[in-house]
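Please read the structure below before turning to the comments.
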Amino acid sequence: MSDISFVRTEMLPEQDPPASEVGALGWAKHNLFSGVFNSILTVVSVFAIYFILAALVPWAWSPTWNATSLAECREILSGLGREGHFSGACWGVINDRWVQLFMGFYPSDYYWRPIAAFILLGVALSPVLFAEHVPAKLVWFSALYPFLMPWLLWGGSIWVPLMVLAGFVVSYAVYRFLVAQVSELISLIVAVLVAVVWWLLLMGPLSGVLASIIPIGIEAVGSRQFGGMMLSLTIGVVAIGFSLPIGIVLALGRQSDLLIVKALCVGFIEFIRGVPLITLLFVASTLLNIFMPPGTSFDIIMRVIIMATLFASAYMAEVIRGGLAALPTGQYEGADSLGLDYWQAQRLIIMPQALKISIPGIVSTFIGLFKDTTLVSVIGLLDPLGLSNGIRANAEWNGVVWELYGFIALMFFVFCFSMSRYSMYLERKLQTGHR
Amino acid sequence: MTTLTDPPQESFRLSQLIYDTRYRSMTIQIVALIGFLLLLGWLFNNTAQNLADLGKEPSFRFLGEPAGYDINQRLLEYNSQDTHLRAAFVGLLNTLVVAVLGCITATFLGVAIGVLRLSNNWVISKLMMIYVETFRNVPVLLWIVFTMAIMIETMPAPRAFKGDNPAAQMMMNDSVAVTNRGVYIPEPLFSNTLGDVHLFGAASMRFDVSLDLLALMLVLGASLWGANWFRKRADKIQEVTGDRPKTWHVRLGLIVVPTAILLYILGFHLGYPELKGFNFKGGTHFRNSLIALWLALSLYTAAFIAEIVRAGILAIDHGQSEAAAALGLRPKRIMNLVILPQALRVIIPPMISNYLNLTKNSSLAIAVGYMDLTGTLMGITLNQTGRELETVLLTMAIYLLISLSISAVMNVYNNSVKMVER
């Protein structure tokens, strides 16, 4: 009997995986057709995409960029042999009105002012956003920016923002002077009172006097001329800027052991979060003047910003409270054991960590607020959506719907999407924990 | 050795209010309270002064006066001679209708999209990602007016249904008409109706309850209870003998037969919408504004719910599904018995706030002319009576009440599914 057993003495070379497992084919097999159900889903969704694109692309592919009215658009399209209501988009309206959609009725000579304000906003934010790439001294500019921005946008005498700034300086000086003599608490209360008196009573006459002596200023632009994306950004940026500190105070108040302070904070937060923003905007447009001393009448955008700030503060407070609650108790105990007092502990230990945890929430609050600025069109301000109604009321563009809405949606999408991506980047950058 | 038997009696000094931590918190609170009361007093004082200057005494008497305007989409009987209070009540019900419809639709859509986004299928998951990002990053008001524009601009006018060769056709066996004025669907009618019960007589809050509907709900409820009892009985038999008796046909019968008998007795039939003159008559009419608001709010909120669901499912440790698979459970049961119950704990709290958001966003109805609470009380009533203070405060109070009730109810539910720690 011959020996037929066989023992291989050398290793076989590696073989390529079967053709159905690699490359495009393998990828498709795993990701698109990995079962009957999945295959059906793939086919159905490919068909859905096809139908949507087949309807959308020919409509959007329409050489009407230079048309000056809807009738002209129709003419161009019928010249191409495309008849009917949905034969093609009329992009002329975007070409004609995009500047207005960004700037509203802001005087075109002064377009540099809002543009400068928003570029400088980037500079002012850079110490926070790109801390490692910019010099640390820039933080001083960030501190001055809140006074610069309204002056650039609204114009007027330079003394008004300077006097507002002086209020802070005076208040701080009073605080430093008093704290050497009496207790911290008393000096704090007195400093706040001094600041309030300064802003309410002294600031107005003083800036008037100074302006008559040394008139420096730029042309004032009324709030009614604000509009478009610029208005949305102004309301959004100012409201979020103010709501962050107010939100922190509210969150700390909600966490505190002081019963009355806590009750006030909880009441405020729950009230604001329980009502729709639109009712608050109605308060801004109809009621706020009734709440103020007789004879006061202040600017509609200012009123909207006040209500938007209060609205955003309540949401911000909840976001920050979440961050505070996520910190382990050990951090508080550690701060206590180092002998830090309440404010030192908050400033050095608690807040930096809590704020870092809350970044996604803060950014999404901002995105939400920015989107909600479209609601001001309901009370008659001309944000992009409000402007679109005006544009359509115009004889030339009467009947244009999709192009305008599409363009506005795209503008908001670009802003909001880039913000959310940025917050993801920031989150990754500040990630210090090891996972 | 000396012992201190009597600690020195401390006398209270005024400076302790500031320096002593025992009293300092008290001081801070009193100062805060005084500040708050001062602010409140200042506001009240200003308001009273301003209203006196305008010659308007704050009063809610206008609520009893005839409203004088019509509300086109309504659940209750209402005419323009009814009071402002009645109008506000009808508006409030409209708000609740949109909120409830929207929450239900958004939940179904959102859960489906969230689960599909985790699918292995590349096309599906990318499509769902595009959906979520598109809807999340564009303002909801824009979606609402956009949907409204689609309803008005692309749907056929009622006269397109006319003639021998109509341009548009009714759908579903000539029972549903989609027009640019809204959607008409068949309405349920009863030929031997039991009539209505009128609650609250002729008051502004009067409410008609259809006895037919009540009877139907009672019978259906009893049948469901019976079916449930039957299932439990089967469970018990299974525990004792190991055999599970067949239950589905009995349970189906228990549910269907009594209801069918009741419907037959009541003479249930459908009233179809019909084209008469220039418009459809009969049937139930869902106005454009209602449909636009409902659709837009559901689609928008669904994008947020999808993200919550996805995050909730991803938050469950992979080991859980592996362990379940090791026990021999099939994928569907792993999802139902292991993953979802745990994911629900993560999902529910943010879901509550999304329901709240949807309810609050329904106030944007004012942009498309749907007469909800904002449209009636804070819209036309405010304009007609000039009572800004009263109407706006009342509207806020009602929304606050709705929000607090939703969160209270949902928190009770949250507590029932929350992890029990021992």
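Lettering and numbering for the structure tokens are positional, with chains as A, B, ... in the shown order, residues counted from 1 in each chain, and ligands counted from 1 in the shown order.
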
7 Å contact set for stretch 271-282 of chain B, only C-alpha atoms, chain neighbours under 4 positions out, as an mmCIF file with N, CA, C and O atoms, in the first residue's frame:
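The resulting file, part_39.cif, is reproduced below:
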```
data_model
loop_
_atom_site.group_PDB
_atom_site.id
_atom_site.type_symbol
_atom_site.label_atom_id
_atom_site.label_comp_id
_atom_site.auth_asym_id
_atom_site.auth_seq_id
_atom_site.Cartn_x
_atom_site.Cartn_y
_atom_site.Cartn_z
ATOM 1 N N PRO B 158 -59.878 74.139 -6.130
ATOM 2 C CA PRO B 158 -61.074 73.299 -6.185
ATOM 3 C C PRO B 158 -61.694 73.251 -7.587
ATOM 4 O O PRO B 158 -62.234 72.221 -7.987
ATOM 5 N N ARG B 159 -61.575 74.346 -8.351
ATOM 6 C CA ARG B 159 -62.240 74.302 -9.661
ATOM 7 C C ARG B 159 -61.513 73.382 -10.637
ATOM 8 O O ARG B 159 -62.073 73.025 -11.666
ATOM 9 N N SER B 175 -62.587 59.925 -2.121
ATOM 10 C CA SER B 175 -62.977 60.325 -0.770
ATOM 11 C C SER B 175 -62.102 61.446 -0.222
ATOM 12 O O SER B 175 -62.519 62.156 0.686
ATOM 13 N N TYR B 184 -59.670 67.812 2.236
ATOM 14 C CA TYR B 184 -61.000 67.374 2.656
ATOM 15 C C TYR B 184 -60.979 65.867 2.794
ATOM 16 O O TYR B 184 -60.602 65.163 1.853
ATOM 17 N N ILE B 185 -61.383 65.367 3.952
ATOM 18 C CA ILE B 185 -61.450 63.918 4.138
ATOM 19 C C ILE B 185 -62.862 63.564 4.601
ATOM 20 O O ILE B 185 -63.600 64.430 5.070
ATOM 21 N N PRO B 186 -63.271 62.290 4.470
ATOM 22 C CA PRO B 186 -64.619 61.908 4.896
ATOM 23 C C PRO B 186 -64.793 62.114 6.383
ATOM 24 O O PRO B 186 -63.837 61.965 7.158
ATOM 25 N N GLU B 187 -65.999 62.472 6.802
ATOM 26 C CA GLU B 187 -66.242 62.619 8.234
ATOM 27 C C GLU B 187 -67.133 61.482 8.703
ATOM 28 O O GLU B 187 -68.002 61.018 7.962
ATOM 29 N N PRO B 188 -66.935 61.018 9.930
ATOM 30 C CA PRO B 188 -67.798 59.955 10.450
ATOM 31 C C PRO B 188 -69.149 60.525 10.837
ATOM 32 O O PRO B 188 -69.242 61.557 11.488
ATOM 33 N N LEU B 189 -70.214 59.878 10.392
ATOM 34 C CA LEU B 189 -71.565 60.327 10.729
ATOM 35 C C LEU B 189 -72.342 59.162 11.316
ATOM 36 O O LEU B 189 -72.065 58.004 11.013
#
```

Specify as a PDB file with all heavy atoms, in the first residue's frame all residues of chain B found within 6 Å of chain A, counting only C-alpha atoms.
```pdb
ATOM      1  N   GLN B  29     -29.717  87.490  51.422  1.00  0.00           N
ATOM      2  CA  GLN B  29     -31.074  87.176  50.964  1.00  0.00           C
ATOM      3  C   GLN B  29     -32.001  88.353  51.146  1.00  0.00           C
ATOM      4  O   GLN B  29     -32.822  88.652  50.289  1.00  0.00           O
ATOM      5  CB  GLN B  29     -31.612  85.992  51.753  1.00  0.00           C
ATOM      6  CG  GLN B  29     -30.776  84.785  51.583  1.00  0.00           C
ATOM      7  CD  GLN B  29     -31.600  83.552  51.692  1.00  0.00           C
ATOM      8  OE1 GLN B  29     -32.565  83.404  50.972  1.00  0.00           O
ATOM      9  NE2 GLN B  29     -31.244  82.670  52.591  1.00  0.00           N
ATOM     10  N   LEU B  43     -41.807  98.642  38.596  1.00  0.00           N
ATOM     11  CA  LEU B  43     -42.536  98.239  37.390  1.00  0.00           C
ATOM     12  C   LEU B  43     -44.031  98.492  37.542  1.00  0.00           C
ATOM     13  O   LEU B  43     -44.680  99.053  36.667  1.00  0.00           O
ATOM     14  CB  LEU B  43     -42.295  96.759  37.086  1.00  0.00           C
ATOM     15  CG  LEU B  43     -40.923  96.396  36.533  1.00  0.00           C
ATOM     16  CD1 LEU B  43     -40.816  94.898  36.316  1.00  0.00           C
ATOM     17  CD2 LEU B  43     -40.688  97.112  35.218  1.00  0.00           C
ATOM     18  N   ASN B  46     -44.771 102.222  37.428  1.00  0.00           N
ATOM     19  CA  ASN B  46     -44.710 102.730  36.053  1.00  0.00           C
ATOM     20  C   ASN B  46     -45.935 102.321  35.266  1.00  0.00           C
ATOM     21  O   ASN B  46     -46.536 103.134  34.560  1.00  0.00           O
ATOM     22  CB  ASN B  46     -43.476 102.172  35.339  1.00  0.00           C
ATOM     23  CG  ASN B  46     -42.213 102.792  35.853  1.00  0.00           C
ATOM     24  OD1 ASN B  46     -42.243 103.897  36.371  1.00  0.00           O
ATOM     25  ND2 ASN B  46     -41.115 102.080  35.729  1.00  0.00           N
ATOM     26  N   THR B  47     -46.284 101.024  35.392  1.00  0.00           N
ATOM     27  CA  THR B  47     -47.409 100.513  34.614  1.00  0.00           C
ATOM     28  C   THR B  47     -48.684 101.248  34.978  1.00  0.00           C
ATOM     29  O   THR B  47     -49.432 101.690  34.102  1.00  0.00           O
ATOM     30  CB  THR B  47     -47.571  99.006  34.881  1.00  0.00           C
ATOM     31  OG1 THR B  47     -46.302  98.398  34.766  1.00  0.00           O
ATOM     32  CG2 THR B  47     -48.524  98.381  33.911  1.00  0.00           C
ATOM     33  N   ASN B  50     -48.562 104.751  33.587  1.00  0.00           N
ATOM     34  CA  ASN B  50     -48.740 104.791  32.131  1.00  0.00           C
ATOM     35  C   ASN B  50     -50.176 104.489  31.735  1.00  0.00           C
ATOM     36  O   ASN B  50     -50.732 105.143  30.864  1.00  0.00           O
ATOM     37  CB  ASN B  50     -47.814 103.779  31.455  1.00  0.00           C
ATOM     38  CG  ASN B  50     -46.410 104.320  31.339  1.00  0.00           C
ATOM     39  OD1 ASN B  50     -46.215 105.475  30.999  1.00  0.00           O
ATOM     40  ND2 ASN B  50     -45.436 103.492  31.652  1.00  0.00           N
ATOM     41  N   ASN B 120     -26.861  50.019   8.781  1.00  0.00           N
ATOM     42  CA  ASN B 120     -25.609  49.668   8.090  1.00  0.00           C
ATOM     43  C   ASN B 120     -25.636  50.168   6.663  1.00  0.00           C
ATOM     44  O   ASN B 120     -24.606  50.238   6.018  1.00  0.00           O
ATOM     45  CB  ASN B 120     -25.433  48.145   8.023  1.00  0.00           C
ATOM     46  CG  ASN B 120     -25.459  47.541   9.386  1.00  0.00           C
ATOM     47  OD1 ASN B 120     -24.996  48.162  10.327  1.00  0.00           O
ATOM     48  ND2 ASN B 120     -26.023  46.347   9.502  1.00  0.00           N
ATOM     49  N   ASN B 121     -26.853  50.448   6.203  1.00  0.00           N
ATOM     50  CA  ASN B 121     -27.010  50.828   4.803  1.00  0.00           C
ATOM     51  C   ASN B 121     -26.485  52.239   4.587  1.00  0.00           C
ATOM     52  O   ASN B 121     -26.996  53.202   5.159  1.00  0.00           O
ATOM     53  CB  ASN B 121     -28.495  50.745   4.455  1.00  0.00           C
ATOM     54  CG  ASN B 121     -28.720  50.861   2.990  1.00  0.00           C
ATOM     55  OD1 ASN B 121     -28.113  51.690   2.332  1.00  0.00           O
ATOM     56  ND2 ASN B 121     -29.583  50.023   2.467  1.00  0.00           N
ATOM     57  N   TRP B 122     -25.456  52.340   3.757  1.00  0.00           N
ATOM     58  CA  TRP B 122     -24.760  53.617   3.601  1.00  0.00           C
ATOM     59  C   TRP B 122     -25.689  54.688   3.054  1.00  0.00           C
ATOM     60  O   TRP B 122     -25.729  55.801   3.588  1.00  0.00           O
ATOM     61  CB  TRP B 122     -23.569  53.416   2.661  1.00  0.00           C
ATOM     62  CG  TRP B 122     -22.711  54.621   2.521  1.00  0.00           C
ATOM     63  CD1 TRP B 122     -21.728  55.009   3.374  1.00  0.00           C
ATOM     64  CD2 TRP B 122     -22.754  55.584   1.468  1.00  0.00           C
ATOM     65  NE1 TRP B 122     -21.156  56.160   2.922  1.00  0.00           N
ATOM     66  CE2 TRP B 122     -21.762  56.535   1.753  1.00  0.00           C
ATOM     67  CE3 TRP B 122     -23.532  55.727   0.325  1.00  0.00           C
ATOM     68  CZ2 TRP B 122     -21.526  57.624   0.924  1.00  0.00           C
ATOM     69  CZ3 TRP B 122     -23.301  56.807  -0.500  1.00  0.00           C
ATOM     70  CH2 TRP B 122     -22.308  57.742  -0.198  1.00  0.00           C
ATOM     71  N   ASN B 137     -30.808  73.066  10.904  1.00  0.00           N
ATOM     72  CA  ASN B 137     -30.056  74.301  10.728  1.00  0.00           C
ATOM     73  C   ASN B 137     -30.820  75.395   9.997  1.00  0.00           C
ATOM     74  O   ASN B 137     -30.229  76.386   9.600  1.00  0.00           O
ATOM     75  CB  ASN B 137     -28.749  74.006  10.000  1.00  0.00           C
ATOM     76  CG  ASN B 137     -27.776  73.296  10.903  1.00  0.00           C
ATOM     77  OD1 ASN B 137     -27.613  73.670  12.057  1.00  0.00           O
ATOM     78  ND2 ASN B 137     -27.153  72.247  10.418  1.00  0.00           N
ATOM     79  N   VAL B 138     -32.109  75.194   9.805  1.00  0.00           N
ATOM     80  CA  VAL B 138     -32.912  76.228   9.161  1.00  0.00           C
ATOM     81  C   VAL B 138     -34.057  76.567  10.121  1.00  0.00           C
ATOM     82  O   VAL B 138     -34.628  75.662  10.725  1.00  0.00           O
ATOM     83  CB  VAL B 138     -33.449  75.718   7.804  1.00  0.00           C
ATOM     84  CG1 VAL B 138     -34.439  76.692   7.229  1.00  0.00           C
ATOM     85  CG2 VAL B 138     -32.309  75.488   6.843  1.00  0.00           C
ATOM     86  N   PRO B 139     -34.346  77.860  10.306  1.00  0.00           N
ATOM     87  CA  PRO B 139     -35.363  78.247  11.298  1.00  0.00           C
ATOM     88  C   PRO B 139     -36.715  77.595  11.039  1.00  0.00           C
ATOM     89  O   PRO B 139     -37.116  77.410   9.893  1.00  0.00           O
ATOM     90  CB  PRO B 139     -35.473  79.760  11.109  1.00  0.00           C
ATOM     91  CG  PRO B 139     -34.218  80.168  10.474  1.00  0.00           C
ATOM     92  CD  PRO B 139     -33.741  79.026   9.666  1.00  0.00           C
ATOM     93  N   LYS B 360     -44.587  75.123  22.238  1.00  0.00           N
ATOM     94  CA  LYS B 360     -44.356  76.566  22.236  1.00  0.00           C
ATOM     95  C   LYS B 360     -44.220  77.079  20.805  1.00  0.00           C
ATOM     96  O   LYS B 360     -44.715  78.157  20.476  1.00  0.00           O
ATOM     97  CB  LYS B 360     -43.107  76.892  23.056  1.00  0.00           C
ATOM     98  CG  LYS B 360     -43.344  76.748  24.536  1.00  0.00           C
ATOM     99  CD  LYS B 360     -42.182  77.271  25.334  1.00  0.00           C
ATOM    100  CE  LYS B 360     -41.002  76.353  25.197  1.00  0.00           C
ATOM    101  NZ  LYS B 360     -39.797  76.930  25.780  1.00  0.00           N
ATOM    102  N   MET B 396     -49.506  84.498  28.120  1.00  0.00           N
ATOM    103  CA  MET B 396     -48.308  83.933  28.742  1.00  0.00           C
ATOM    104  C   MET B 396     -48.683  82.958  29.849  1.00  0.00           C
ATOM    105  O   MET B 396     -48.116  81.873  29.954  1.00  0.00           O
ATOM    106  CB  MET B 396     -47.463  85.049  29.335  1.00  0.00           C
ATOM    107  CG  MET B 396     -46.667  85.813  28.327  1.00  0.00           C
ATOM    108  SD  MET B 396     -45.743  87.058  29.205  1.00  0.00           S
ATOM    109  CE  MET B 396     -44.249  87.055  28.307  1.00  0.00           C
ATOM    110  N   TYR B 399     -49.854  79.652  28.358  1.00  0.00           N
ATOM    111  CA  TYR B 399     -48.744  78.845  27.846  1.00  0.00           C
ATOM    112  C   TYR B 399     -47.922  78.259  28.982  1.00  0.00           C
ATOM    113  O   TYR B 399     -47.480  77.108  28.933  1.00  0.00           O
ATOM    114  CB  TYR B 399     -47.853  79.675  26.935  1.00  0.00           C
ATOM    115  CG  TYR B 399     -48.315  79.678  25.502  1.00  0.00           C
ATOM    116  CD1 TYR B 399     -48.792  80.824  24.898  1.00  0.00           C
ATOM    117  CD2 TYR B 399     -48.286  78.509  24.754  1.00  0.00           C
ATOM    118  CE1 TYR B 399     -49.226  80.829  23.585  1.00  0.00           C
ATOM    119  CE2 TYR B 399     -48.719  78.497  23.449  1.00  0.00           C
ATOM    120  CZ  TYR B 399     -49.189  79.658  22.872  1.00  0.00           C
ATOM    121  OH  TYR B 399     -49.617  79.645  21.584  1.00  0.00           O
ATOM    122  N   LEU B 400     -47.728  79.072  30.026  1.00  0.00           N
ATOM    123  CA  LEU B 400     -46.957  78.605  31.174  1.00  0.00           C
ATOM    124  C   LEU B 400     -47.633  77.394  31.794  1.00  0.00           C
ATOM    125  O   LEU B 400     -46.983  76.390  32.116  1.00  0.00           O
ATOM    126  CB  LEU B 400     -46.842  79.750  32.180  1.00  0.00           C
ATOM    127  CG  LEU B 400     -45.776  79.614  33.245  1.00  0.00           C
ATOM    128  CD1 LEU B 400     -44.428  79.465  32.600  1.00  0.00           C
ATOM    129  CD2 LEU B 400     -45.791  80.822  34.148  1.00  0.00           C
ATOM    130  N   SER B 403     -47.139  74.367  29.564  1.00  0.00           N
ATOM    131  CA  SER B 403     -45.770  73.857  29.653  1.00  0.00           C
ATOM    132  C   SER B 403     -45.550  73.114  30.959  1.00  0.00           C
ATOM    133  O   SER B 403     -45.002  72.004  30.974  1.00  0.00           O
ATOM    134  CB  SER B 403     -44.770  75.006  29.582  1.00  0.00           C
ATOM    135  OG  SER B 403     -44.903  75.698  28.393  1.00  0.00           O
TER     136      SER B 403
END
```
